[in-house]
$ cat my_file.cif   # mmCIF, C-alpha atoms
data_run
#
loop_
_atom_site.group_PDB
_atom_site.id
_atom_site.type_symbol
_atom_site.label_atom_id
_atom_site.label_comp_id
_atom_site.auth_asym_id
_atom_site.auth_seq_id
_atom_site.Cartn_x
_atom_site.Cartn_y
_atom_site.Cartn_z
ATOM 1 C CA MET Q 20 0.000 0.000 0.000
ATOM 2 C CA ALA Q 21 1.384 3.375 -1.015
ATOM 3 C CA LYS Q 22 2.227 5.755 1.784
ATOM 4 C CA ASP Q 23 0.025 8.838 2.105
ATOM 5 C CA ILE Q 24 1.646 11.675 0.158
ATOM 6 C CA ILE Q 25 1.429 14.150 3.032
ATOM 7 C CA GLU Q 26 3.024 11.709 5.474
ATOM 8 C CA SER Q 27 5.765 11.009 2.913
ATOM 9 C CA VAL Q 28 6.462 14.723 2.557
ATOM 10 C CA LYS Q 29 6.575 15.176 6.327
ATOM 11 C CA GLU Q 30 9.220 12.468 6.577
ATOM 12 C CA LYS Q 31 11.319 14.148 3.871
ATOM 13 C CA ILE Q 32 11.227 17.649 5.364
ATOM 14 C CA LYS Q 33 11.331 16.766 9.071
ATOM 15 C CA GLY Q 34 14.053 18.684 10.888
ATOM 16 C CA ARG Q 35 14.879 20.933 7.940
ATOM 17 C CA ASN Q 36 12.963 23.897 9.371
ATOM 18 C CA TYR Q 37 11.961 25.295 5.999
ATOM 19 C CA ARG Q 38 10.426 28.757 6.343
ATOM 20 C CA ILE Q 39 7.181 29.218 4.429
ATOM 21 C CA VAL Q 40 5.724 32.706 4.176
ATOM 22 C CA PHE Q 41 1.971 33.322 4.043
ATOM 23 C CA PRO Q 42 1.121 36.812 2.685
ATOM 24 C CA GLU Q 43 -2.557 36.499 3.702
ATOM 25 C CA GLY Q 44 -2.079 36.238 7.448
ATOM 26 C CA GLU Q 45 -5.354 38.022 8.203
ATOM 27 C CA ASP Q 46 -7.439 35.292 6.511
ATOM 28 C CA PRO Q 47 -8.803 32.760 9.039
ATOM 29 C CA ARG Q 48 -8.052 29.747 6.812
ATOM 30 C CA VAL Q 49 -4.445 30.819 6.380
ATOM 31 C CA LEU Q 50 -4.039 31.746 10.023
ATOM 32 C CA LYS Q 51 -5.367 28.408 11.272
ATOM 33 C CA ALA Q 52 -3.170 26.434 8.868
ATOM 34 C CA ALA Q 53 -0.077 28.438 9.837
ATOM 35 C CA LEU Q 54 -0.751 27.970 13.547
ATOM 36 C CA ARG Q 55 -1.178 24.254 12.970
ATOM 37 C CA HIS Q 56 2.239 24.191 11.316
ATOM 38 C CA LYS Q 57 3.729 26.187 14.169
ATOM 39 C CA GLU Q 58 2.433 23.583 16.608
ATOM 40 C CA GLU Q 59 3.537 20.546 14.569
ATOM 41 C CA GLY Q 60 6.972 21.889 13.648
ATOM 42 C CA TYR Q 61 7.424 20.414 10.157
ATOM 43 C CA ILE Q 62 7.787 23.902 8.695
ATOM 44 C CA VAL Q 63 8.384 27.360 10.176
ATOM 45 C CA PRO Q 64 5.422 29.590 9.211
ATOM 46 C CA ILE Q 65 5.783 33.353 8.718
ATOM 47 C CA LEU Q 66 2.610 35.446 8.526
ATOM 48 C CA LEU Q 67 2.439 38.738 6.650
ATOM 49 C CA GLY Q 68 -0.154 41.355 7.494
ATOM 50 C CA ASP Q 69 -1.261 43.910 10.032
ATOM 51 C CA HIS Q 70 -0.678 42.670 13.585
ATOM 52 C CA GLY Q 71 -3.925 44.180 14.825
ATOM 53 C CA GLN Q 72 -6.024 42.657 12.066
ATOM 54 C CA ILE Q 73 -4.403 39.249 12.546
ATOM 55 C CA GLN Q 74 -5.130 39.476 16.267
ATOM 56 C CA LYS Q 75 -8.771 40.352 15.497
ATOM 57 C CA THR Q 76 -9.029 37.281 13.285
ATOM 58 C CA ALA Q 77 -7.525 35.142 16.039
ATOM 59 C CA ASP Q 78 -9.932 36.556 18.627
ATOM 60 C CA LYS Q 79 -12.912 35.971 16.348
ATOM 61 C CA GLU Q 80 -11.832 32.372 15.707
ATOM 62 C CA GLU Q 81 -11.042 31.904 19.412
ATOM 63 C CA ILE Q 82 -7.475 30.825 18.773
ATOM 64 C CA LYS Q 83 -4.191 31.962 20.321
ATOM 65 C CA LEU Q 84 -1.376 33.398 18.223
ATOM 66 C CA GLY Q 85 1.395 32.402 20.596
ATOM 67 C CA ASP Q 86 4.842 33.344 19.341
ATOM 68 C CA ILE Q 87 4.233 32.817 15.613
ATOM 69 C CA GLN Q 88 6.256 35.287 13.532
ATOM 70 C CA ILE Q 89 4.208 38.141 12.066
ATOM 71 C CA ILE Q 90 5.621 40.809 9.748
ATOM 72 C CA ASN Q 91 3.824 43.901 8.501
ATOM 73 C CA PRO Q 92 5.660 44.737 5.252
ATOM 74 C CA ARG Q 93 4.935 48.449 5.647
ATOM 75 C CA TYR Q 94 6.901 48.631 8.885
ATOM 76 C CA ALA Q 95 9.387 45.786 8.435
ATOM 77 C CA GLU Q 96 12.943 46.391 9.661
ATOM 78 C CA ASP Q 97 14.355 45.030 6.420
ATOM 79 C CA PHE Q 98 12.008 46.984 4.127
ATOM 80 C CA ASP Q 99 14.759 49.266 2.771
ATOM 81 C CA GLU Q 100 17.059 46.295 2.298
ATOM 82 C CA LEU Q 101 14.446 44.402 0.281
ATOM 83 C CA VAL Q 102 13.581 47.472 -1.789
ATOM 84 C CA GLU Q 103 17.245 47.809 -2.747
ATOM 85 C CA ALA Q 104 17.439 44.104 -3.606
ATOM 86 C CA PHE Q 105 14.247 44.386 -5.641
ATOM 87 C CA VAL Q 106 15.545 47.299 -7.723
ATOM 88 C CA GLU Q 107 18.790 45.435 -8.358
ATOM 89 C CA ARG Q 108 16.926 42.292 -9.354
ATOM 90 C CA ARG Q 109 14.695 44.189 -11.774
ATOM 91 C CA LYS Q 110 17.754 45.596 -13.566
ATOM 92 C CA GLY Q 111 16.371 48.988 -14.528
ATOM 93 C CA LYS Q 112 12.772 47.902 -15.077
ATOM 94 C CA ASN Q 113 11.651 49.419 -11.761
ATOM 95 C CA THR Q 114 12.801 52.436 -9.776
ATOM 96 C CA GLU Q 115 13.296 52.701 -6.033
ATOM 97 C CA GLU Q 116 9.967 54.510 -5.890
ATOM 98 C CA ASP Q 117 8.340 51.573 -7.653
ATOM 99 C CA GLY Q 118 9.958 49.209 -5.181
ATOM 100 C CA ARG Q 119 8.719 51.141 -2.159
ATOM 101 C CA TYR Q 120 5.199 51.050 -3.545
ATOM 102 C CA LEU Q 121 5.203 47.397 -4.644
ATOM 103 C CA LEU Q 122 6.820 45.914 -1.537
ATOM 104 C CA LYS Q 123 4.031 47.268 0.631
ATOM 105 C CA ASN Q 124 2.022 44.573 -1.149
ATOM 106 C CA PRO Q 125 2.446 41.365 0.926
ATOM 107 C CA ASN Q 126 2.835 39.196 -2.191
ATOM 108 C CA TYR Q 127 5.762 41.267 -3.470
ATOM 109 C CA TYR Q 128 7.308 41.439 -0.029
ATOM 110 C CA GLY Q 129 6.851 37.680 0.445
ATOM 111 C CA VAL Q 130 8.429 36.872 -2.915
ATOM 112 C CA MET Q 131 11.389 39.103 -2.043
ATOM 113 C CA MET Q 132 11.770 37.179 1.216
ATOM 114 C CA VAL Q 133 12.022 33.985 -0.810
ATOM 115 C CA GLN Q 134 14.382 35.544 -3.363
ATOM 116 C CA THR Q 135 16.780 36.808 -0.671
ATOM 117 C CA GLY Q 136 16.698 33.626 1.413
ATOM 118 C CA LYS Q 137 14.715 35.061 4.313
ATOM 119 C CA ALA Q 138 12.073 32.429 3.509
ATOM 120 C CA ASP Q 139 12.287 29.162 1.589
ATOM 121 C CA GLY Q 140 8.902 29.269 -0.121
ATOM 122 C CA MET Q 141 5.594 31.118 -0.331
ATOM 123 C CA VAL Q 142 1.924 30.109 -0.369
ATOM 124 C CA SER Q 143 -0.674 32.678 -1.420
ATOM 125 C CA GLY Q 144 -3.917 33.047 -3.365
ATOM 126 C CA ALA Q 145 -6.627 32.396 -0.749
ATOM 127 C CA THR Q 146 -7.978 35.921 -1.178
ATOM 128 C CA ARG Q 147 -6.420 37.074 -4.445
ATOM 129 C CA PRO Q 148 -6.495 35.897 -8.082
ATOM 130 C CA THR Q 149 -3.727 33.691 -9.469
ATOM 131 C CA GLY Q 150 -2.100 36.584 -11.316
ATOM 132 C CA ASP Q 151 -1.398 38.382 -8.037
ATOM 133 C CA THR Q 152 0.708 35.425 -6.902
ATOM 134 C CA VAL Q 153 2.337 34.556 -10.212
ATOM 135 C CA ARG Q 154 3.234 38.080 -11.381
ATOM 136 C CA PRO Q 155 5.734 38.947 -8.626
ATOM 137 C CA ALA Q 156 7.156 35.418 -8.768
ATOM 138 C CA LEU Q 157 7.885 35.756 -12.488
ATOM 139 C CA GLN Q 158 9.268 39.273 -12.125
ATOM 140 C CA ILE Q 159 11.543 38.492 -9.183
ATOM 141 C CA ILE Q 160 12.255 34.770 -8.816
ATOM 142 C CA LYS Q 161 11.923 34.044 -12.552
ATOM 143 C CA THR Q 162 12.006 30.699 -14.320
ATOM 144 C CA LYS Q 163 14.815 28.173 -14.215
ATOM 145 C CA PRO Q 164 17.451 28.165 -16.964
ATOM 146 C CA GLY Q 165 15.990 26.570 -20.073
ATOM 147 C CA VAL Q 166 12.401 27.021 -18.872
ATOM 148 C CA HIS Q 167 10.520 29.731 -20.738
ATOM 149 C CA ARG Q 168 7.286 29.813 -18.764
ATOM 150 C CA THR Q 169 5.817 28.560 -15.537
ATOM 151 C CA SER Q 170 2.852 26.203 -15.461
ATOM 152 C CA GLY Q 171 0.532 24.698 -12.884
ATOM 153 C CA ALA Q 172 0.276 21.050 -11.867
ATOM 154 C CA MET Q 173 -2.414 19.427 -9.766
ATOM 155 C CA ILE Q 174 -1.736 16.288 -7.748
ATOM 156 C CA MET Q 175 -4.806 14.060 -7.882
ATOM 157 C CA LEU Q 176 -5.245 11.616 -5.015
ATOM 158 C CA GLY Q 177 -7.769 8.838 -5.515
ATOM 159 C CA PRO Q 178 -10.054 7.188 -2.961
ATOM 160 C CA ASN Q 179 -7.941 4.011 -3.151
ATOM 161 C CA GLU Q 180 -4.616 5.885 -2.836
ATOM 162 C CA GLU Q 181 -4.165 6.325 -6.583
ATOM 163 C CA ARG Q 182 -1.796 9.187 -7.324
ATOM 164 C CA TYR Q 183 -1.665 11.144 -10.592
ATOM 165 C CA LEU Q 184 -0.508 14.532 -11.840
ATOM 166 C CA PHE Q 185 -2.402 16.850 -14.228
ATOM 167 C CA ALA Q 186 -0.894 19.863 -16.046
ATOM 168 C CA ASP Q 187 -1.269 22.717 -16.974
ATOM 169 C CA THR Q 188 -4.246 23.313 -14.682
ATOM 170 C CA ALA Q 189 -3.620 26.921 -13.690
ATOM 171 C CA ILE Q 190 -1.543 29.295 -15.805
ATOM 172 C CA ASN Q 191 -1.448 29.121 -19.605
ATOM 173 C CA ILE Q 192 -4.742 29.405 -21.469
ATOM 174 C CA THR Q 193 -3.224 28.086 -24.686
ATOM 175 C CA LEU Q 194 0.182 26.617 -25.464
ATOM 176 C CA GLN Q 195 2.074 26.112 -28.689
ATOM 177 C CA SER Q 196 3.656 22.727 -29.383
ATOM 178 C CA HIS Q 197 7.105 23.614 -28.049
ATOM 179 C CA GLU Q 198 5.548 25.111 -24.906
ATOM 180 C CA LEU Q 199 3.374 22.052 -24.354
ATOM 181 C CA ALA Q 200 6.487 19.886 -24.657
ATOM 182 C CA GLU Q 201 8.243 21.976 -22.024
ATOM 183 C CA VAL Q 202 5.275 21.677 -19.659
ATOM 184 C CA ALA Q 203 5.364 17.887 -20.096
ATOM 185 C CA ILE Q 204 9.031 17.695 -19.140
ATOM 186 C CA GLU Q 205 8.580 19.942 -16.110
ATOM 187 C CA ALA Q 206 5.510 17.950 -15.047
ATOM 188 C CA ALA Q 207 7.563 14.746 -15.112
ATOM 189 C CA LYS Q 208 10.085 16.390 -12.767
ATOM 190 C CA THR Q 209 7.299 17.527 -10.452
ATOM 191 C CA ALA Q 210 5.844 14.022 -10.442
ATOM 192 C CA GLU Q 211 9.159 12.488 -9.368
ATOM 193 C CA LEU Q 212 9.425 15.033 -6.562
ATOM 194 C CA PHE Q 213 6.177 13.668 -5.135
ATOM 195 C CA ASP Q 214 6.870 9.978 -5.779
ATOM 196 C CA ILE Q 215 4.595 9.748 -8.807
ATOM 197 C CA GLU Q 216 6.038 7.579 -11.568
ATOM 198 C CA PRO Q 217 6.825 9.919 -14.508
ATOM 199 C CA ILE Q 218 4.933 8.063 -17.231
ATOM 200 C CA VAL Q 219 3.594 10.906 -19.360
ATOM 201 C CA ALA Q 220 0.577 10.914 -21.676
ATOM 202 C CA MET Q 221 0.027 13.810 -24.090
ATOM 203 C CA LEU Q 222 -3.746 14.058 -24.167
ATOM 204 C CA SER Q 223 -6.057 14.808 -27.065
ATOM 205 C CA PHE Q 224 -9.488 13.805 -28.400
ATOM 206 C CA SER Q 225 -7.536 11.615 -30.827
ATOM 207 C CA THR Q 226 -5.380 8.513 -30.329
ATOM 208 C CA ARG Q 227 -2.587 7.896 -32.795
ATOM 209 C CA GLY Q 228 -4.208 9.756 -35.654
ATOM 210 C CA SER Q 229 -7.795 8.589 -35.127
ATOM 211 C CA ALA Q 230 -8.811 12.191 -35.829
ATOM 212 C CA SER Q 231 -7.170 14.963 -37.803
ATOM 213 C CA SER Q 232 -7.285 18.642 -36.931
ATOM 214 C CA GLU Q 233 -5.061 21.556 -36.017
ATOM 215 C CA GLU Q 234 -5.548 20.729 -32.325
ATOM 216 C CA VAL Q 235 -4.478 17.112 -32.851
ATOM 217 C CA HIS Q 236 -1.435 18.101 -34.891
ATOM 218 C CA LYS Q 237 -0.348 20.450 -32.105
ATOM 219 C CA VAL Q 238 -0.229 17.565 -29.614
ATOM 220 C CA GLU Q 239 1.465 15.292 -32.155
ATOM 221 C CA GLU Q 240 4.187 17.887 -32.656
ATOM 222 C CA ALA Q 241 4.494 18.498 -28.899
ATOM 223 C CA THR Q 242 5.008 14.772 -28.356
ATOM 224 C CA LYS Q 243 7.738 14.683 -30.970
ATOM 225 C CA LEU Q 244 9.504 17.718 -29.478
ATOM 226 C CA ALA Q 245 9.268 16.408 -25.921
ATOM 227 C CA LYS Q 246 10.868 13.125 -26.976
ATOM 228 C CA GLU Q 247 13.693 15.044 -28.626
ATOM 229 C CA MET Q 248 14.178 17.267 -25.571
ATOM 230 C CA ALA Q 249 14.050 14.373 -23.072
ATOM 231 C CA PRO Q 250 14.784 11.129 -24.953
ATOM 232 C CA ASN Q 251 14.909 9.049 -21.774
ATOM 233 C CA LEU Q 252 11.506 10.208 -20.560
ATOM 234 C CA ARG Q 253 8.707 7.665 -20.833
ATOM 235 C CA LEU Q 254 6.251 9.781 -22.827
ATOM 236 C CA ASP Q 255 3.796 9.146 -25.635
ATOM 237 C CA GLY Q 256 0.871 10.711 -27.483
ATOM 238 C CA GLU Q 257 -1.335 11.919 -28.838
ATOM 239 C CA MET Q 258 -3.896 9.816 -26.985
ATOM 240 C CA GLN Q 259 -7.325 10.013 -25.438
ATOM 241 C CA PHE Q 260 -7.681 9.832 -21.681
ATOM 242 C CA ASP Q 261 -9.214 6.350 -21.717
ATOM 243 C CA ALA Q 262 -6.326 5.034 -23.816
ATOM 244 C CA ALA Q 263 -3.850 6.675 -21.452
ATOM 245 C CA ILE Q 264 -5.252 5.233 -18.222
ATOM 246 C CA ALA Q 265 -7.162 2.028 -19.018
ATOM 247 C CA PRO Q 266 -5.081 -1.027 -20.070
ATOM 248 C CA GLU Q 267 -8.021 -2.683 -21.828
ATOM 249 C CA VAL Q 268 -8.588 0.416 -23.976
ATOM 250 C CA ALA Q 269 -4.861 0.841 -24.594
ATOM 251 C CA LYS Q 270 -4.701 -2.670 -26.095
ATOM 252 C CA GLN Q 271 -7.236 -1.637 -28.698
ATOM 253 C CA LYS Q 272 -6.133 1.924 -29.444
ATOM 254 C CA ALA Q 273 -2.349 1.938 -28.890
ATOM 255 C CA PRO Q 274 -1.112 -1.644 -28.455
ATOM 256 C CA ASP Q 275 2.534 -0.797 -29.145
ATOM 257 C CA SER Q 276 2.757 2.071 -26.627
ATOM 258 C CA ASP Q 277 4.716 1.684 -23.395
ATOM 259 C CA VAL Q 278 2.703 4.584 -21.908
ATOM 260 C CA ALA Q 279 -0.891 3.856 -22.932
ATOM 261 C CA GLY Q 280 -2.818 2.217 -20.105
ATOM 262 C CA LYS Q 281 -0.023 2.999 -17.646
ATOM 263 C CA ALA Q 282 0.182 6.814 -17.564
ATOM 264 C CA LYS Q 283 0.533 8.661 -14.266
ATOM 265 C CA VAL Q 284 1.161 12.178 -15.626
ATOM 266 C CA PHE Q 285 -1.424 13.714 -17.936
ATOM 267 C CA ILE Q 286 -0.645 16.748 -20.095
ATOM 268 C CA PHE Q 287 -3.800 18.474 -21.278
ATOM 269 C CA PRO Q 288 -3.849 20.394 -24.582
ATOM 270 C CA SER Q 289 -5.285 23.547 -23.014
ATOM 271 C CA LEU Q 290 -6.032 25.164 -19.666
ATOM 272 C CA GLU Q 291 -9.731 24.829 -20.426
ATOM 273 C CA ALA Q 292 -9.495 21.052 -20.751
ATOM 274 C CA ALA Q 293 -7.206 20.651 -17.732
ATOM 275 C CA ASN Q 294 -9.299 22.782 -15.407
ATOM 276 C CA ILE Q 295 -12.505 21.005 -16.389
ATOM 277 C CA GLY Q 296 -10.784 17.625 -16.176
ATOM 278 C CA TYR Q 297 -9.406 17.950 -12.676
ATOM 279 C CA LYS Q 298 -12.682 19.359 -11.341
ATOM 280 C CA ILE Q 299 -14.642 16.457 -12.828
ATOM 281 C CA GLY Q 300 -12.230 14.081 -11.104
ATOM 282 C CA GLN Q 301 -12.623 16.016 -7.869
ATOM 283 C CA ARG Q 302 -16.414 16.368 -7.861
ATOM 284 C CA LEU Q 303 -17.562 13.158 -9.546
ATOM 285 C CA GLY Q 304 -14.627 10.819 -9.082
ATOM 286 C CA GLY Q 305 -13.987 11.458 -5.411
ATOM 287 C CA TYR Q 306 -10.396 12.543 -6.032
ATOM 288 C CA GLN Q 307 -8.630 15.045 -3.825
ATOM 289 C CA ALA Q 308 -6.897 17.806 -5.788
ATOM 290 C CA LEU Q 309 -3.730 19.253 -4.247
ATOM 291 C CA GLY Q 310 -2.315 22.403 -5.784
ATOM 292 C CA PRO Q 311 -1.855 23.994 -8.147
ATOM 293 C CA ILE Q 312 1.886 23.610 -7.781
ATOM 294 C CA LEU Q 313 3.767 26.153 -9.887
ATOM 295 C CA GLN Q 314 6.436 24.493 -12.033
ATOM 296 C CA GLY Q 315 9.569 25.924 -13.558
ATOM 297 C CA LEU Q 316 10.391 28.663 -11.040
ATOM 298 C CA ASN Q 317 13.839 29.029 -9.485
ATOM 299 C CA LYS Q 318 12.315 28.881 -5.995
ATOM 300 C CA PRO Q 319 8.955 27.565 -4.777
ATOM 301 C CA VAL Q 320 5.943 29.870 -4.831
ATOM 302 C CA ASN Q 321 2.523 28.229 -4.941
ATOM 303 C CA ASP Q 322 -0.984 29.449 -5.547
ATOM 304 C CA LEU Q 323 -4.153 28.590 -3.641
ATOM 305 C CA SER Q 324 -7.676 28.594 -4.987
ATOM 306 C CA ARG Q 325 -9.865 31.298 -3.500
ATOM 307 C CA GLY Q 326 -12.287 28.486 -2.700
ATOM 308 C CA CYS Q 327 -9.681 26.715 -0.559
ATOM 309 C CA ASN Q 328 -10.181 25.610 3.017
ATOM 310 C CA GLU Q 329 -7.782 25.389 5.949
ATOM 311 C CA GLU Q 330 -6.750 21.853 5.003
ATOM 312 C CA ASP Q 331 -5.824 22.962 1.484
ATOM 313 C CA VAL Q 332 -3.589 25.718 2.867
ATOM 314 C CA TYR Q 333 -2.000 23.336 5.339
ATOM 315 C CA LYS Q 334 -1.202 20.704 2.705
ATOM 316 C CA LEU Q 335 0.018 23.099 0.023
ATOM 317 C CA ALA Q 336 2.502 24.564 2.502
ATOM 318 C CA LEU Q 337 3.962 21.083 3.030
ATOM 319 C CA LEU Q 338 4.140 20.470 -0.722
ATOM 320 C CA THR Q 339 5.872 23.823 -1.109
ATOM 321 C CA ALA Q 340 8.480 22.859 1.477
ATOM 322 C CA ASN Q 341 9.068 19.633 -0.447
ATOM 323 C CA GLN Q 342 10.025 21.712 -3.506
ATOM 324 C CA VAL Q 343 12.839 23.524 -1.709
ATOM 325 C CA ASP Q 344 16.146 22.803 -3.421
ATOM 326 C CA ASP Q 345 18.942 22.559 -0.854
#
$ encode --input "my_file.cif" --output "structure tokens"
Amino acid sequence: MAKDIIESVKEKIKGRNYRIVFPEGEDPRVLKAALRHKEEGYIVPILLGDHGQIQKTADKEEIKLGDIQIINPRYAEDFDELVEAFVERRKGKNTEEDGRYLLKNPNYYGVMMVQTGKADGMVSGATRPTGDTVRPALQIIKTKPGVHRTSGAMIMLGPNEERYLFADTAINITLQSHELAEVAIEAAKTAELFDIEPIVAMLSFSTRGSASSEEVHKVEEATKLAKEMAPNLRLDGEMQFDAAIAPEVAKQKAPDSDVAGKAKVFIFPSLEAANIGYKIGQRLGGYQALGPILQGLNKPVNDLSRGCNEEDVYKLALLTANQVDD
């Protein structure tokens, strides 16, 4: 029986004291999750926000703050230091005045904490749209060498401990073939990080040429490019979801594929398809969706859904800590 993913992550990060910053410290879901982490000790939580407002939230929820670290970016001792580092990082794209304005925003301040090593990762998005989390991350932390764009992956946990990864579920509305190939390679890396076997299916409404259209050709080309970019990666496509996951269907539709019927990582042809797909799995299939996890960044910053609950915040913080590269 596979070990629960959260328990596996806890074992990996235990004793490492990774510092995860939460820019939405005044939100009750975030506050409760951070306090839970403070008590358990697997990560070191840092809350951003107004001390008074955070205290009001704690009083309303009838919880005690204890000695959890709280920073108000507007009055932080290192504000000037981070503004200077921000301007240097932006290399002429922003002035000091810009920096002083932007770093009053907890997301920008939190990302600068991660960039300068004052925190190891950031979790945000409970009260703000995805762009508010991703924008400062792309401007400051930026993507890894060779990665041209970030993307979002969702870990899907089944009722019988099945474990899959879907991408891109969060960021890119449409992708060209070479971009889709890059997402597939990054998704395989993310899968390995969370003990999901990186067997990658490039999804379409066609399997091996059963249909012909511009959309199908895009996935065909992406599959070809991904194989060229990562020749040792177990990846195949284009294929329909049933051919990718069901061995009995794979025998009929793609009998010579070493991925069909065995896939664990599913690359969707568009954000529309991926978002609908993971929510169908979540609402009708009884799967738990963890994420989205942002792929391709130099340091871990992850985005919550505004419909998240305390448990989602708690778990995503652990997954974020597991992305820290020592």
$ resolve_selection --input "my_file.cif" --expression "the PyMOL selection byres ((chain Q and resi 251) around 12)" --output "CSV table (one decimal) with C-alpha atoms, in the coordinates of the input"
chain,number,residue,atom,x,y,z
Q,204,ILE,CA,9.0,17.7,-19.1
Q,207,ALA,CA,7.6,14.7,-15.1
Q,217,PRO,CA,6.8,9.9,-14.5
Q,218,ILE,CA,4.9,8.1,-17.2
Q,219,VAL,CA,3.6,10.9,-19.4
Q,245,ALA,CA,9.3,16.4,-25.9
Q,246,LYS,CA,10.9,13.1,-27.0
Q,247,GLU,CA,13.7,15.0,-28.6
Q,248,MET,CA,14.2,17.3,-25.6
Q,249,ALA,CA,14.0,14.4,-23.1
Q,250,PRO,CA,14.8,11.1,-25.0
Q,252,LEU,CA,11.5,10.2,-20.6
Q,253,ARG,CA,8.7,7.7,-20.8
Q,254,LEU,CA,6.3,9.8,-22.8
Q,255,ASP,CA,3.8,9.1,-25.6
$ resolve_selection --input "my_file.cif" --expression "the PyMOL selection byres ((chain Q and resi 309-322) around 8)" --output "ChimeraX atom specification"
/Q:130,133-134,139-145,149,152-153,156-157,160-163,166,168-176,188-189,205-206,209,307-308,323-324,331,334-335,339-340,342-344
$ residues_around --input "my_file.cif" --residues "range 284-292 of chain Q" --least-positions-apart "6" --cutoff "9 Å" --atoms "all atoms listed in the file" --output "NGL selection string"
:Q and (183-194 or 199 or 202-203 or 206-207 or 210 or 215-223 or 234-235 or 237-238 or 260 or 263)
$ atom_distance --input "my_file.cif" --atom1 "CA of Ile65 in chain Q" --atom2 "CA of Pro125 in chain Q"
11.7 Å
$ axis_aligned_box --input "my_file.cif" --around "range 291-300 of chain Q" --padding-each-side "6 Å" --output "JSON"
{"center_x": -10.9, "center_y": 19.5, "center_z": -15.9, "size_x": 19.4, "size_y": 22.7, "size_z": 21.6}
$ residues_around --input "my_file.cif" --residues "range 102-104 of chain Q" --least-positions-apart "6" --cutoff "10 Å" --atoms "only C-alpha atoms" --output "ChimeraX atom specification"
/Q:114-123,128,131,134-135,159
$ closest_residue --input "my_file.cif" --among "Q:Asn36, Q:Ser231, Q:Thr242, Q:Ser196" --to "Glu59 in chain Q" --atoms "only C-alpha atoms"
Q:Asn36
$ closest_residue --input "my_file.cif" --among "Q:Arg55, Q:Arg182, Q:Arg227, Q:Arg109" --to "Pro155 in chain Q" --atoms "only C-alpha atoms"
Q:Arg109
$ atom_distance --input "my_file.cif" --atom1 "CA of Glu58 in chain Q" --atom2 "CA of Gln74 in chain Q"
17.6 Å
$ atom_distance --input "my_file.cif" --atom1 "CA of Asn124 in chain Q" --atom2 "CA of Gly68 in chain Q"
9.5 Å
$ resolve_selection --input "my_file.cif" --expression "the PyMOL selection byres ((chain Q and resi 47) around 9)" --output "list in words"
Gly44, Glu45, Asp46, Arg48, Val49, Leu50, Lys51, Ala52, Ile73, Thr76, Ala77, Lys79, Glu80 and Glu329 of chain Q
$ residues_around --input "my_file.cif" --residues "Pro64 in chain Q" --least-positions-apart "4" --cutoff "6 Å" --atoms "only C-alpha atoms" --output "list in words"
Arg38, Ile39, Val40 and Ala53 of chain Q
$ closest_residue --input "my_file.cif" --among "Q:Gly129, Q:Pro42, Q:Gly326, Q:Gly305" --to "Glu181 in chain Q" --atoms "all atoms listed in the file"
Q:Gly305
$ closest_residue --input "my_file.cif" --among "Q:Gly177, Q:Ala230, Q:Ile32, Q:Gly85" --to "Tyr297 in chain Q" --atoms "all atoms listed in the file"
Q:Gly177
$ closest_residue --input "my_file.cif" --among "Q:Glu211, Q:His236, Q:Ala262, Q:Lys110" --to "Ser276 in chain Q" --atoms "all atoms listed in the file"
Q:Ala262
$ closest_residue --input "my_file.cif" --among "Q:Gly111, Q:Ala293, Q:Ser27, Q:Tyr127" --to "Phe98 in chain Q" --atoms "only C-alpha atoms"
Q:Tyr127
$ decode --input "my_file.cif" --residues "range 248-257 of chain Q" --atoms "N, CA and C atoms" --output "compact mmCIF listing (two decimals), in the first residue's frame"
# COMPACT_ATOMS: atom_id res chain seq x y z
N MET Q 248 13.63 16.50 -26.69
CA MET Q 248 14.18 17.27 -25.57
C MET Q 248 14.55 16.37 -24.40
N ALA Q 249 13.80 15.29 -24.20
CA ALA Q 249 14.05 14.37 -23.07
C ALA Q 249 13.91 12.94 -23.57
N PRO Q 250 14.91 12.45 -24.31
CA PRO Q 250 14.78 11.13 -24.95
C PRO Q 250 14.63 9.96 -23.99
N ASN Q 251 15.03 10.14 -22.74
CA ASN Q 251 14.91 9.05 -21.77
C ASN Q 251 13.60 9.07 -21.01
N LEU Q 252 12.78 10.09 -21.26
CA LEU Q 252 11.51 10.21 -20.56
C LEU Q 252 10.49 9.26 -21.19
N ARG Q 253 9.76 8.57 -20.36
CA ARG Q 253 8.71 7.67 -20.83
C ARG Q 253 7.46 8.50 -21.13
N LEU Q 254 7.28 8.84 -22.39
CA LEU Q 254 6.25 9.78 -22.83
C LEU Q 254 5.70 9.35 -24.17
N ASP Q 255 4.39 9.52 -24.35
CA ASP Q 255 3.80 9.15 -25.64
C ASP Q 255 2.52 9.95 -25.87
N GLY Q 256 2.07 9.99 -27.10
CA GLY Q 256 0.87 10.71 -27.48
C GLY Q 256 0.80 10.76 -29.00
N GLU Q 257 -0.18 11.41 -29.57
CA GLU Q 257 -1.34 11.92 -28.84
C GLU Q 257 -2.26 10.75 -28.49
